[in-house]
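For reference, work.cif (mmCIF, C-alpha atoms):
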```cif
data_target
loop_
_atom_site.label_atom_id
_atom_site.label_comp_id
_atom_site.auth_asym_id
_atom_site.auth_seq_id
_atom_site.Cartn_x
_atom_site.Cartn_y
_atom_site.Cartn_z
CA MET E 1 3.10 21.51 -19.84
CA LYS E 2 0.13 21.99 -17.54
CA VAL E 3 -1.52 19.02 -15.88
CA ALA E 4 -4.99 19.26 -14.38
CA ILE E 5 -6.00 16.79 -11.70
CA VAL E 6 -9.74 16.28 -11.48
CA LYS E 7 -10.92 17.51 -8.08
CA TYR E 8 -13.76 15.55 -6.54
CA ASN E 9 -14.59 13.85 -3.26
CA ALA E 10 -11.71 11.41 -3.71
CA GLY E 11 -9.44 10.27 -0.96
CA ASN E 12 -5.89 11.45 -0.86
CA VAL E 13 -4.62 12.81 -4.17
CA SER E 14 -1.42 14.23 -2.69
CA SER E 15 0.59 11.21 -3.86
CA VAL E 16 -0.27 12.06 -7.49
CA MET E 17 0.75 15.69 -6.91
CA HIS E 18 4.03 14.63 -5.28
CA ALA E 19 4.78 12.31 -8.20
CA LEU E 20 4.20 15.18 -10.67
CA ASP E 21 6.42 17.43 -8.53
CA ARG E 22 9.19 14.84 -8.73
CA LEU E 23 8.83 14.87 -12.54
CA GLY E 24 8.86 18.67 -12.57
CA ALA E 25 5.38 18.92 -14.09
CA GLU E 26 3.22 21.92 -13.24
CA HIS E 27 -0.20 20.87 -11.96
CA ILE E 28 -3.49 22.17 -10.60
CA LEU E 29 -6.26 20.41 -8.71
CA THR E 30 -9.55 21.65 -10.15
CA ASP E 31 -13.19 20.88 -10.91
CA ASN E 32 -13.52 23.93 -13.16
CA ALA E 33 -14.67 22.95 -16.68
CA GLU E 34 -12.55 25.54 -18.47
CA ALA E 35 -9.40 24.71 -16.48
CA LEU E 36 -9.87 21.00 -17.21
CA ARG E 37 -10.51 21.56 -20.94
CA SER E 38 -7.55 23.88 -21.40
CA ALA E 39 -4.95 21.70 -19.62
CA ASP E 40 -2.38 19.82 -21.70
CA LYS E 41 -3.03 16.61 -19.79
CA VAL E 42 -5.71 15.54 -17.33
CA ILE E 43 -5.31 13.00 -14.54
CA PHE E 44 -8.42 11.43 -13.04
CA PRO E 45 -7.21 9.87 -9.78
CA GLY E 46 -9.28 7.71 -7.55
CA VAL E 47 -9.42 6.40 -4.07
CA GLY E 48 -12.93 5.78 -2.86
CA GLU E 49 -16.17 3.97 -3.55
CA ALA E 50 -17.70 3.81 -7.05
CA ALA E 51 -21.38 4.65 -6.47
CA THR E 52 -20.70 7.55 -4.08
CA THR E 53 -18.12 8.98 -6.44
CA MET E 54 -20.36 8.67 -9.53
CA ASP E 55 -23.13 10.50 -7.65
CA TYR E 56 -20.71 13.29 -6.85
CA LEU E 57 -19.41 13.52 -10.45
CA ARG E 58 -22.97 13.67 -11.85
CA SER E 59 -24.22 16.24 -9.35
CA HIS E 60 -21.26 18.49 -10.21
CA GLY E 61 -21.51 17.98 -14.00
CA LEU E 62 -18.04 16.41 -14.02
CA ASP E 63 -19.26 13.26 -15.80
CA SER E 64 -19.95 15.01 -19.10
CA ILE E 65 -16.86 17.23 -18.76
CA ILE E 66 -14.56 14.20 -18.38
CA LYS E 67 -16.20 12.30 -21.24
CA GLY E 68 -15.87 15.34 -23.50
CA LEU E 69 -12.14 15.94 -22.91
CA ALA E 70 -10.03 15.90 -26.07
CA GLN E 71 -6.47 15.91 -24.66
CA PRO E 72 -4.76 12.80 -23.17
CA VAL E 73 -6.56 11.74 -19.98
CA LEU E 74 -5.18 9.23 -17.47
CA GLY E 75 -7.53 7.47 -15.03
CA ILE E 76 -5.88 5.83 -12.03
CA CYS E 77 -7.34 2.94 -9.97
CA LEU E 78 -10.96 3.93 -9.20
CA GLY E 79 -10.48 6.49 -12.00
CA GLN E 80 -10.00 3.60 -14.45
CA GLN E 81 -13.03 1.76 -13.10
CA LEU E 82 -15.26 4.84 -13.36
CA MET E 83 -14.27 5.24 -17.03
CA CYS E 84 -15.95 1.87 -17.72
CA SER E 85 -19.64 1.16 -18.39
CA HIS E 86 -20.83 -0.10 -15.02
CA SER E 87 -19.41 -1.07 -11.62
CA GLU E 88 -20.50 -3.91 -9.40
CA GLU E 89 -19.33 -1.72 -6.48
CA GLY E 90 -22.62 -0.08 -5.52
CA ASP E 91 -24.24 -1.39 -8.76
CA VAL E 92 -23.75 1.91 -10.56
CA ASP E 93 -23.56 3.03 -14.21
CA CYS E 94 -20.27 4.78 -14.88
CA LEU E 95 -18.86 7.05 -17.59
CA GLY E 96 -18.93 4.45 -20.37
CA ILE E 97 -15.72 5.52 -22.10
CA PHE E 98 -14.64 1.88 -22.13
CA ASN E 99 -17.64 -0.33 -22.82
CA VAL E 100 -16.80 -3.03 -20.27
CA PRO E 101 -18.23 -3.69 -16.79
CA VAL E 102 -16.20 -3.63 -13.55
CA VAL E 103 -16.57 -6.73 -11.37
CA ARG E 104 -15.40 -7.92 -7.95
CA PHE E 105 -12.63 -10.45 -7.32
CA ARG E 106 -14.06 -13.70 -6.10
CA ALA E 107 -11.62 -15.69 -3.96
CA ALA E 108 -11.35 -19.28 -5.13
CA SER E 109 -9.50 -20.44 -2.00
CA ASN E 110 -7.97 -19.27 1.26
CA GLU E 111 -4.84 -18.38 -0.73
CA ASP E 112 -6.73 -15.61 -2.53
CA LYS E 113 -6.74 -12.55 -0.31
CA VAL E 114 -8.98 -9.66 -1.37
CA PRO E 115 -8.12 -6.78 -1.82
CA HIS E 116 -5.36 -7.56 -4.29
CA MET E 117 -2.63 -5.57 -2.58
CA GLY E 118 1.03 -5.26 -3.40
CA TRP E 119 3.40 -5.51 -6.34
CA ASN E 120 2.44 -7.61 -9.32
CA GLY E 121 3.86 -8.02 -12.82
CA ILE E 122 2.25 -6.51 -15.90
CA GLU E 123 2.31 -7.95 -19.42
CA CYS E 124 2.32 -4.89 -21.65
CA THR E 125 1.61 -4.31 -25.30
CA GLY E 126 3.75 -1.82 -27.21
CA ASP E 127 1.48 1.07 -26.20
CA ALA E 128 3.17 4.46 -25.82
CA LEU E 129 2.43 4.37 -22.07
CA PHE E 130 5.05 1.61 -21.78
CA LYS E 131 7.66 3.11 -24.09
CA GLY E 132 11.17 2.06 -23.15
CA PHE E 133 10.11 -1.06 -21.24
CA ARG E 134 12.67 -3.77 -21.87
CA ARG E 135 11.57 -6.52 -19.47
CA PRO E 136 8.58 -7.55 -17.38
CA GLU E 137 8.01 -4.93 -14.68
CA SER E 138 6.06 -4.89 -11.42
CA VAL E 139 3.73 -2.15 -10.24
CA TYR E 140 1.72 -1.44 -7.10
CA PHE E 141 -1.95 -2.45 -6.87
CA VAL E 142 -4.61 -1.97 -4.17
CA HIS E 143 -8.11 -2.95 -5.31
CA SER E 144 -11.01 -5.35 -4.79
CA PHE E 145 -12.75 -4.72 -8.14
CA TYR E 146 -11.27 -5.11 -11.61
CA VAL E 147 -11.82 -4.57 -15.33
CA PRO E 148 -11.85 -7.86 -17.28
CA VAL E 149 -9.49 -8.23 -20.23
CA CYS E 150 -11.17 -6.50 -23.21
CA ASP E 151 -10.52 -4.88 -26.61
CA TRP E 152 -8.85 -1.85 -24.99
CA THR E 153 -6.50 -3.75 -22.67
CA ILE E 154 -2.90 -2.58 -23.11
CA ALA E 155 -1.48 -4.39 -20.06
CA GLN E 156 -2.76 -7.35 -18.16
CA THR E 157 -2.05 -8.97 -14.81
CA THR E 158 -3.21 -12.21 -13.31
CA TYR E 159 -4.52 -12.32 -9.77
CA ILE E 160 -7.18 -14.97 -9.13
CA ASN E 161 -7.94 -14.43 -12.83
CA PRO E 162 -6.47 -12.31 -15.67
CA PHE E 163 -7.63 -8.67 -15.62
CA SER E 164 -6.86 -5.34 -17.29
CA ALA E 165 -3.94 -3.58 -15.61
CA ALA E 166 -4.22 -0.74 -18.15
CA LEU E 167 -6.58 0.44 -20.91
CA HIS E 168 -6.31 2.79 -23.88
CA LYS E 169 -8.91 4.11 -26.32
CA ASP E 170 -8.40 7.26 -28.38
CA ASN E 171 -7.19 9.99 -25.96
CA PHE E 172 -8.22 8.03 -22.85
CA TYR E 173 -5.70 6.01 -20.85
CA ALA E 174 -6.22 4.24 -17.56
CA THR E 175 -4.30 2.11 -15.08
CA GLN E 176 -5.65 -0.12 -12.34
CA PHE E 177 -2.31 0.14 -10.53
CA HIS E 178 -0.89 3.26 -8.91
CA PRO E 179 1.98 4.61 -11.06
CA GLU E 180 2.49 7.35 -8.45
CA LYS E 181 3.33 4.63 -5.88
CA SER E 182 5.22 2.29 -8.20
CA GLY E 183 8.75 3.56 -7.66
CA LYS E 184 10.95 4.37 -10.65
CA ILE E 185 8.93 2.35 -13.15
CA GLY E 186 5.76 4.16 -12.12
CA GLY E 187 7.55 7.45 -12.66
CA LYS E 188 8.51 6.23 -16.15
CA ILE E 189 4.85 5.46 -16.97
CA LEU E 190 3.75 8.92 -15.79
CA CYS E 191 6.59 10.45 -17.79
CA ASN E 192 5.44 8.54 -20.90
CA PHE E 193 1.91 9.86 -20.35
CA LEU E 194 3.19 13.43 -20.05
CA ASP E 195 5.16 12.92 -23.28
CA LEU E 196 2.07 11.88 -25.29
CA MET K 1 2.35 -13.33 -9.66
CA LEU K 2 1.81 -11.22 -6.57
CA ALA K 3 5.24 -10.57 -5.04
CA LYS K 4 6.15 -11.35 -1.45
CA ARG K 5 6.99 -7.99 0.10
CA ILE K 6 10.14 -6.94 1.96
CA ILE K 7 9.45 -4.11 4.38
CA PRO K 8 12.10 -2.22 6.35
CA CYS K 9 10.69 -0.75 9.55
CA LEU K 10 11.99 2.54 10.89
CA ASP K 11 11.34 3.60 14.47
CA VAL K 12 11.27 7.37 14.70
CA CYS K 13 11.83 9.41 17.85
CA GLU K 14 12.00 13.22 17.73
CA GLY K 15 12.52 13.04 13.96
CA ARG K 16 15.38 10.52 14.05
CA THR K 17 15.45 6.80 13.26
CA VAL K 18 16.18 4.48 16.14
CA LYS K 19 15.99 0.72 16.53
CA GLY K 20 14.77 -0.97 19.65
CA VAL K 21 16.49 -4.22 20.47
CA ASN K 22 13.99 -6.28 22.44
CA PHE K 23 12.09 -2.98 22.77
CA VAL K 24 14.62 -1.55 25.24
CA ASN K 25 18.02 -0.40 23.97
CA LEU K 26 17.85 2.24 21.27
CA ARG K 27 20.61 2.89 18.73
CA ASP K 28 20.58 5.78 16.29
CA ALA K 29 20.41 4.85 12.61
CA GLY K 30 19.99 8.17 10.87
CA ASP K 31 17.52 10.38 9.08
CA PRO K 32 14.20 8.57 8.46
CA VAL K 33 13.55 10.14 5.07
CA GLU K 34 17.05 9.60 3.76
CA LEU K 35 17.09 6.02 5.02
CA GLY K 36 13.67 5.35 3.45
CA ARG K 37 14.80 6.76 0.12
CA ILE K 38 17.86 4.50 0.13
CA TYR K 39 15.71 1.45 0.92
CA SER K 40 13.30 2.39 -1.85
CA GLU K 41 16.17 2.60 -4.34
CA GLN K 42 17.51 -0.75 -3.15
CA GLY K 43 14.18 -2.42 -3.86
CA ALA K 44 12.16 -2.28 -0.63
CA ASP K 45 8.50 -2.87 -1.49
CA GLU K 46 7.00 -0.75 1.26
CA LEU K 47 8.18 1.10 4.34
CA VAL K 48 6.81 1.20 7.85
CA TYR K 49 7.50 4.21 10.10
CA LEU K 50 6.66 3.92 13.77
CA ASP K 51 6.51 7.04 15.90
CA ILE K 52 7.84 6.09 19.31
CA THR K 53 7.83 9.66 20.60
CA ALA K 54 5.81 10.25 23.74
CA SER K 55 5.41 14.03 23.74
CA HIS K 56 2.93 16.18 21.83
CA GLN K 57 5.74 18.22 20.30
CA GLY K 58 7.27 14.99 19.06
CA ARG K 59 3.98 14.12 17.36
CA ASP K 60 4.08 17.34 15.35
CA THR K 61 7.68 16.60 14.40
CA PHE K 62 6.56 13.17 13.18
CA THR K 63 3.78 14.66 11.05
CA GLU K 64 6.41 16.84 9.37
CA VAL K 65 8.55 13.74 8.77
CA VAL K 66 5.54 11.99 7.18
CA LYS K 67 5.04 14.93 4.83
CA ARG K 68 8.69 14.76 3.76
CA ILE K 69 8.47 11.00 3.20
CA ALA K 70 5.38 11.42 1.01
CA ALA K 71 7.07 14.10 -1.07
CA GLU K 72 10.34 12.27 -1.60
CA ILE K 73 9.54 8.54 -1.71
CA SER K 74 7.53 6.86 -4.48
CA ILE K 75 6.61 3.55 -2.82
CA PRO K 76 3.78 2.94 -0.35
CA PHE K 77 4.37 3.52 3.34
CA THR K 78 2.56 2.79 6.58
CA VAL K 79 2.78 4.91 9.70
CA GLY K 80 2.00 3.86 13.25
CA GLY K 81 2.58 4.67 16.88
CA GLY K 82 0.11 6.49 19.09
CA ILE K 83 -2.83 6.26 16.67
CA ARG K 84 -5.94 6.32 18.84
CA SER K 85 -8.74 7.84 16.77
CA VAL K 86 -10.12 8.38 13.28
CA ASP K 87 -8.82 11.96 13.58
CA ASP K 88 -5.28 10.67 14.18
CA VAL K 89 -5.62 8.50 11.07
CA GLU K 90 -6.92 11.38 8.99
CA ARG K 91 -3.99 13.57 10.07
CA MET K 92 -1.54 10.89 8.91
CA LEU K 93 -3.34 10.30 5.58
CA LEU K 94 -3.49 14.03 4.89
CA ALA K 95 0.24 14.21 5.56
CA GLY K 96 0.64 11.60 2.82
CA ALA K 97 0.72 8.16 4.46
CA ASP K 98 -0.85 5.31 2.48
CA LYS K 99 -1.76 3.13 5.44
CA VAL K 100 -1.91 3.48 9.19
CA SER K 101 -1.17 0.82 11.78
CA VAL K 102 -3.02 0.61 15.07
CA ASN K 103 -1.96 -1.51 18.02
CA SER K 104 -2.87 -0.96 21.69
CA ALA K 105 -5.72 1.45 20.96
CA ALA K 106 -7.46 -1.16 18.82
CA ILE K 107 -7.23 -3.80 21.54
CA ARG K 108 -8.62 -1.32 24.07
CA ARG K 109 -11.40 -0.22 21.70
CA PRO K 110 -11.86 -2.69 18.80
CA GLU K 111 -14.48 -0.47 17.08
CA LEU K 112 -11.57 1.78 16.09
CA VAL K 113 -10.73 -0.77 13.37
CA SER K 114 -14.21 -0.66 11.83
CA GLU K 115 -14.32 3.13 12.13
CA ILE K 116 -11.07 3.45 10.17
CA ALA K 117 -12.13 0.90 7.54
CA LYS K 118 -15.46 2.64 7.05
CA ALA K 119 -13.97 6.12 6.83
CA PHE K 120 -10.97 5.39 4.61
CA GLY K 121 -11.27 1.85 3.24
CA GLN K 122 -10.12 -1.52 4.48
CA GLN K 123 -6.70 -1.27 2.83
CA VAL K 124 -5.75 1.70 5.03
CA CYS K 125 -6.00 -0.14 8.34
CA VAL K 126 -3.08 -2.33 9.39
CA VAL K 127 -3.62 -3.95 12.77
CA ALA K 128 -0.29 -4.51 14.52
CA ILE K 129 -0.18 -7.11 17.25
CA ASP K 130 2.65 -7.68 19.74
CA GLY K 131 2.48 -11.24 21.00
CA ARG K 132 4.40 -13.52 23.32
CA MET K 133 4.05 -17.21 24.11
CA THR K 134 2.87 -17.65 27.71
CA PRO K 135 1.95 -20.77 29.69
CA GLN K 136 -1.63 -20.03 28.56
CA GLY K 137 -0.64 -19.82 24.89
CA TRP K 138 0.02 -16.83 22.60
CA ARG K 139 -1.13 -13.63 24.29
CA CYS K 140 -1.44 -10.04 23.05
CA PHE K 141 0.58 -7.33 24.79
CA LEU K 142 -0.11 -3.61 25.08
CA ASN K 143 2.02 -0.46 25.31
CA GLY K 144 4.96 -1.59 23.20
CA GLY K 145 5.01 -4.99 24.86
CA ARG K 146 5.04 -3.78 28.46
CA LEU K 147 1.55 -4.85 29.50
CA GLU K 148 0.26 -8.40 29.22
CA THR K 149 -3.40 -9.07 28.44
CA ASP K 150 -5.40 -12.26 28.63
CA ILE K 151 -6.41 -11.85 24.97
CA ASP K 152 -5.51 -14.76 22.72
CA LEU K 153 -3.44 -13.78 19.66
CA PHE K 154 -5.50 -15.80 17.16
CA ASP K 155 -8.87 -14.65 18.58
CA TRP K 156 -7.84 -11.01 18.31
CA ALA K 157 -6.36 -11.40 14.82
CA MET K 158 -9.60 -12.95 13.56
CA LYS K 159 -11.72 -10.34 15.26
CA ALA K 160 -9.60 -7.52 13.81
CA SER K 161 -10.01 -9.05 10.35
CA ASP K 162 -13.79 -9.29 10.81
CA LEU K 163 -13.87 -5.64 11.92
CA GLY K 164 -12.21 -4.51 8.70
CA ALA K 165 -8.43 -4.73 9.13
CA GLY K 166 -6.65 -4.75 5.76
CA GLU K 167 -3.57 -6.58 7.05
CA ILE K 168 -2.22 -8.07 10.26
CA LEU K 169 1.32 -7.11 11.28
CA PHE K 170 2.36 -9.72 13.82
CA THR K 171 5.44 -9.14 15.98
CA SER K 172 6.63 -11.96 18.18
CA MET K 173 8.26 -10.36 21.22
CA ASP K 174 9.94 -13.69 21.90
CA HIS K 175 11.73 -13.45 18.56
CA ASP K 176 12.17 -9.68 18.16
CA GLY K 177 15.82 -8.66 18.39
CA THR K 178 17.07 -12.26 18.69
CA ARG K 179 17.97 -12.65 14.99
CA ASP K 180 17.03 -16.33 15.30
CA GLY K 181 14.24 -16.26 12.74
CA TYR K 182 10.51 -15.60 12.58
CA PRO K 183 7.88 -17.69 14.43
CA ASN K 184 6.97 -19.66 11.33
CA ASP K 185 4.45 -22.09 12.80
CA THR K 186 2.50 -19.23 14.34
CA LEU K 187 2.62 -17.30 11.07
CA ALA K 188 1.35 -20.36 9.19
CA LYS K 189 -1.57 -20.65 11.58
CA LEU K 190 -2.43 -16.95 11.14
CA HIS K 191 -2.24 -17.34 7.37
CA GLN K 192 -4.60 -20.29 7.51
CA LEU K 193 -7.11 -18.52 9.76
CA LEU K 194 -7.23 -15.11 8.08
CA PRO K 195 -8.65 -13.90 4.75
CA ILE K 196 -6.25 -10.92 4.78
CA PRO K 197 -2.45 -10.65 4.34
CA VAL K 198 -0.09 -11.30 7.24
CA ILE K 199 3.16 -9.36 7.72
CA ALA K 200 5.82 -11.23 9.70
CA SER K 201 7.84 -9.14 12.15
CA GLY K 202 10.53 -9.85 14.70
CA GLY K 203 13.50 -12.19 14.51
CA ALA K 204 15.15 -11.70 11.11
CA GLY K 205 18.90 -12.30 11.25
CA LYS K 206 19.76 -14.18 8.06
CA MET K 207 18.39 -14.32 4.53
CA GLU K 208 17.17 -17.87 5.19
CA HIS K 209 14.84 -16.46 7.84
CA PHE K 210 12.98 -14.43 5.23
CA ARG K 211 12.73 -17.46 2.97
CA ASP K 212 11.31 -19.56 5.81
CA ALA K 213 8.77 -16.87 6.77
CA PHE K 214 7.45 -17.08 3.19
CA THR K 215 7.71 -20.83 2.57
CA ILE K 216 6.96 -22.29 6.02
CA GLY K 217 5.10 -19.35 7.57
CA ASN K 218 3.23 -18.48 4.35
CA ALA K 219 3.63 -14.80 5.24
CA ASP K 220 2.65 -12.26 2.58
CA ALA K 221 5.34 -9.83 3.66
CA ALA K 222 8.33 -9.79 6.00
CA LEU K 223 9.34 -6.79 8.05
CA ALA K 224 12.73 -6.19 9.62
CA ALA K 225 14.71 -3.31 11.05
CA GLY K 226 18.14 -3.86 12.57
CA VAL K 227 19.49 -6.23 9.92
CA PHE K 228 18.76 -3.57 7.29
CA HIS K 229 19.74 -0.47 9.27
CA PHE K 230 23.18 -1.74 10.17
CA GLY K 231 23.86 -3.23 6.75
CA ASP K 232 23.96 -6.89 7.79
CA ILE K 233 21.58 -7.72 4.94
CA GLY K 234 21.28 -5.63 1.79
CA ILE K 235 17.79 -5.52 0.32
CA LYS K 236 19.05 -6.04 -3.22
CA ASP K 237 21.04 -9.12 -2.16
CA LEU K 238 18.07 -10.41 -0.21
CA LYS K 239 15.74 -10.07 -3.20
CA GLU K 240 18.20 -11.88 -5.45
CA TYR K 241 18.60 -14.65 -2.90
CA LEU K 242 14.82 -15.08 -2.56
CA TYR K 243 14.42 -15.05 -6.34
CA GLY K 244 16.98 -17.84 -6.51
CA GLN K 245 14.91 -19.73 -3.93
CA LYS K 246 11.95 -19.51 -6.32
CA ILE K 247 10.03 -17.05 -4.14
CA PRO K 248 8.11 -14.44 -6.15
CA VAL K 249 9.77 -11.09 -5.42
CA ARG K 250 10.01 -7.78 -7.23
CA ILE K 251 13.48 -7.30 -8.69
CA ILE K 252 14.29 -3.74 -9.73
#
```

Represent the supplied structure as structure tokens.
Amino acid sequence: MKVAIVKYNAGNVSSVMHALDRLGAEHILTDNAEALRSADKVIFPGVGEAATTMDYLRSHGLDSIIKGLAQPVLGICLGQQLMCSHSEEGDVDCLGIFNVPVVRFRAASNEDKVPHMGWNGIECTGDALFKGFRRPESVYFVHSFYVPVCDWTIAQTTYINPFSAALHKDNFYATQFHPEKSGKIGGKILCNFLDL
Amino acid sequence: MLAKRIIPCLDVCEGRTVKGVNFVNLRDAGDPVELGRIYSEQGADELVYLDITASHQGRDTFTEVVKRIAAEISIPFTVGGGIRSVDDVERMLLAGADKVSVNSAAIRRPELVSEIAKAFGQQVCVVAIDGRMTPQGWRCFLNGGRLETDIDLFDWAMKASDLGAGEILFTSMDHDGTRDGYPNDTLAKLHQLLPIPVIASGGAGKMEHFRDAFTIGNADAALAAGVFHFGDIGIKDLKEYLYGQKIPVRII
């Protein structure tokens, strides 16, 4: 099992690497097309701003490489958002793997703090990513933008309004939350992804 | 529903966990990484590590501790203590911290908050404020509570939020170490004034105090140290109690 983590101008990806270490999965951080295509699994992490990151991906040819991957791919947080059609963050067209636009949370009252930060419950479908889940579980979120509930939603959460906590289409998977920071249950989700 | 967070705070000096009672007497409570791992397994939602070391050598020791925490613990953690510049923040983030708290340095140079938010995102910057009620009202204190300023607590909290703070961690020095409960009215006022989450700190002694911080103080998270370190309150028991009190918490 060899996991490739997409290398780009993201913030800290060490938490993803540590999580894979804890699961005993071999991993490399790379932007090399061949290394990405030949890996068993690819993780597309994300901490950063959408427009800046899309610019970087395009200028390095990573946009077409990611879209063309055939093995299971997992986008995390900004990674999920960039796999969608468009982001309101920087008004930028994204990879378009999931044909749904990313929008910003709009606080309805003083109770609604943005970013949505902390542990929130997810309502999951029976997708393989959530294999072995026996009860509602909570995972860790930090984000100001979200993917609305759509045809590819495999888990949803409500904060201000319902949104997609996770997506799945063909070989592409994505989570808005951070499985690498979500304790044991996050480790289980990563483990399920590695088992695909 | 977004869970109210329970956050154990670990003070670290020369690589060891200590707890200040009223910021003065220190008692040893073990290895910071091991303690953090136990809290994580018991259901802590986040951890805060404060470096209270003064020396440069101690700072390097702390960076090594941060690296070990990041490798071994799978929940978010914040580090603070002696953070004065964007470079200090970057060093902590590269070592694996998720968030960084700034205190005195941000009061001395408020632009630090906007610099951190711009460089790393709003969610990274926790502004910690030590406050005490004075005849003039709630005032901010510097240098671990040793130096009084004439800066109003609420003014500074709002300014920090405007500058890009992701959260406010408010410690009442009047309550810290007393185990008589959190300053709930003050927390409620902060909650009402601010568009960002407020973490209550200082005064936890009983499970009811956590409940009150959430229900009366409207805090988004409650931080405590001594009651956890010395086993007076178990985090699992606390979560179950709060759940029974109809407070949204994460049960693991």

Hey, could you make a per-residue contact list for chain E against chain K with 6 Å as the cut-off, showing the nearest pair of atoms and its distance in Å to one decimal, counting only C-alpha atoms, sorted by chain and number, as JSON lines?
```
{"residue": "E:His18", "atom": "CA", "partner": "K:Ala71", "partner_atom": "CA", "distance": 5.2}
{"residue": "E:Lys113", "atom": "CA", "partner": "K:Ile196", "partner_atom": "CA", "distance": 5.4}
{"residue": "E:Trp119", "atom": "CA", "partner": "K:Ala3", "partner_atom": "CA", "distance": 5.5}
{"residue": "E:Asn120", "atom": "CA", "partner": "K:Leu2", "partner_atom": "CA", "distance": 4.6}
{"residue": "E:Lys181", "atom": "CA", "partner": "K:Ile75", "partner_atom": "CA", "distance": 4.6}
{"residue": "E:Ser182", "atom": "CA", "partner": "K:Ile75", "partner_atom": "CA", "distance": 5.7}
{"residue": "E:Gly183", "atom": "CA", "partner": "K:Ser74", "partner_atom": "CA", "distance": 4.7}
```

Of the candidates E:Leu95, E:Cys77, E:Ile189, E:Met54, which one gets nearest to E:Phe177 if we count all atoms listed in the file?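 Closest to E:Phe177, using all atoms listed in the file: E:Cys77.
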
Would you pick out the contacts of stretch 146-163 of chain E at 9 Å or less, using all atoms listed in the file, so that residues sharing its chain but fewer than 6 positions from it are not included, and give the list as a ChimeraX atom specification? /E:80-81,84,98-108,112,116,120-127,129,169,175-176 /K:1-2

Now that the selection is made, can you save its residues with C-alpha atoms as a short mmCIF file (atom, residue, chain, number, x, y, z; two decimals), in the coordinates of the input?
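Result went into again.cif, see below:
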```cif
data_model
loop_
_atom_site.label_atom_id
_atom_site.label_comp_id
_atom_site.auth_asym_id
_atom_site.auth_seq_id
_atom_site.Cartn_x
_atom_site.Cartn_y
_atom_site.Cartn_z
CA GLN E 80 -10.00 3.60 -14.45
CA GLN E 81 -13.03 1.76 -13.10
CA CYS E 84 -15.95 1.87 -17.72
CA PHE E 98 -14.64 1.88 -22.13
CA ASN E 99 -17.64 -0.33 -22.82
CA VAL E 100 -16.80 -3.03 -20.27
CA PRO E 101 -18.23 -3.69 -16.79
CA VAL E 102 -16.20 -3.63 -13.55
CA VAL E 103 -16.57 -6.73 -11.37
CA ARG E 104 -15.40 -7.92 -7.95
CA PHE E 105 -12.63 -10.45 -7.32
CA ARG E 106 -14.06 -13.70 -6.10
CA ALA E 107 -11.62 -15.69 -3.96
CA ALA E 108 -11.35 -19.28 -5.13
CA ASP E 112 -6.73 -15.61 -2.53
CA HIS E 116 -5.36 -7.56 -4.29
CA ASN E 120 2.44 -7.61 -9.32
CA GLY E 121 3.86 -8.02 -12.82
CA ILE E 122 2.25 -6.51 -15.90
CA GLU E 123 2.31 -7.95 -19.42
CA CYS E 124 2.32 -4.89 -21.65
CA THR E 125 1.61 -4.31 -25.30
CA GLY E 126 3.75 -1.82 -27.21
CA ASP E 127 1.48 1.07 -26.20
CA LEU E 129 2.43 4.37 -22.07
CA LYS E 169 -8.91 4.11 -26.32
CA THR E 175 -4.30 2.11 -15.08
CA GLN E 176 -5.65 -0.12 -12.34
CA MET K 1 2.35 -13.33 -9.66
CA LEU K 2 1.81 -11.22 -6.57
#
```

Selection result of the PyMOL selection byres ((chain E and resi 21-32) around 7) on this file, as a list in words: Met1, Lys2, Val3, Ala4, Ile5, Val6, Lys7, Tyr8, Met17, His18, Ala19, Leu20, Ala33, Glu34, Ala35 and Leu36 of chain E

Evaluated on this file, the PyMOL selection byres ((chain K and resi 12) around 9) picks out some residues - which ones are they, written as JSON, numbers by chain? {"K": [10, 11, 13, 14, 15, 16, 17, 18, 19, 31, 32, 49, 50, 51, 52, 53, 62]}

What gap, in Å, lies between atom CA of K:Gln136 and atom CA of K:Phe154? 12.8 Å

Could you state which residues are captured by the PyMOL selection byres ((chain K and resi 201) around 9) in this file, as a PyMOL selection string? chain K and resi 169-172+175-176+182-183+199-200+202-204+221-224

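As for atom CA of E:Asp55 and atom CA of E:Phe172, they are spaced 21.4 Å apart.
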
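Between atom CA of K:Gln42 and atom CA of E:Asn192 the separation is 23.4 Å.
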
Would you compute the box with edges along x, y and z of the file around stretch 159-165 of chain E, including every atom the file lists for it and 3 Å extra on each side, and give its centre and edge lengths in Å to one decimal, as JSON?
```
{"center_x": -5.9, "center_y": -9.3, "center_z": -13.2, "size_x": 10.0, "size_y": 17.4, "size_z": 14.2}
```

Nearest to E:Glu111 by atom-to-atom distance, counting only C-alpha atoms, from K:Asp237, K:Leu142, K:Val86, K:Val198: K:Val198
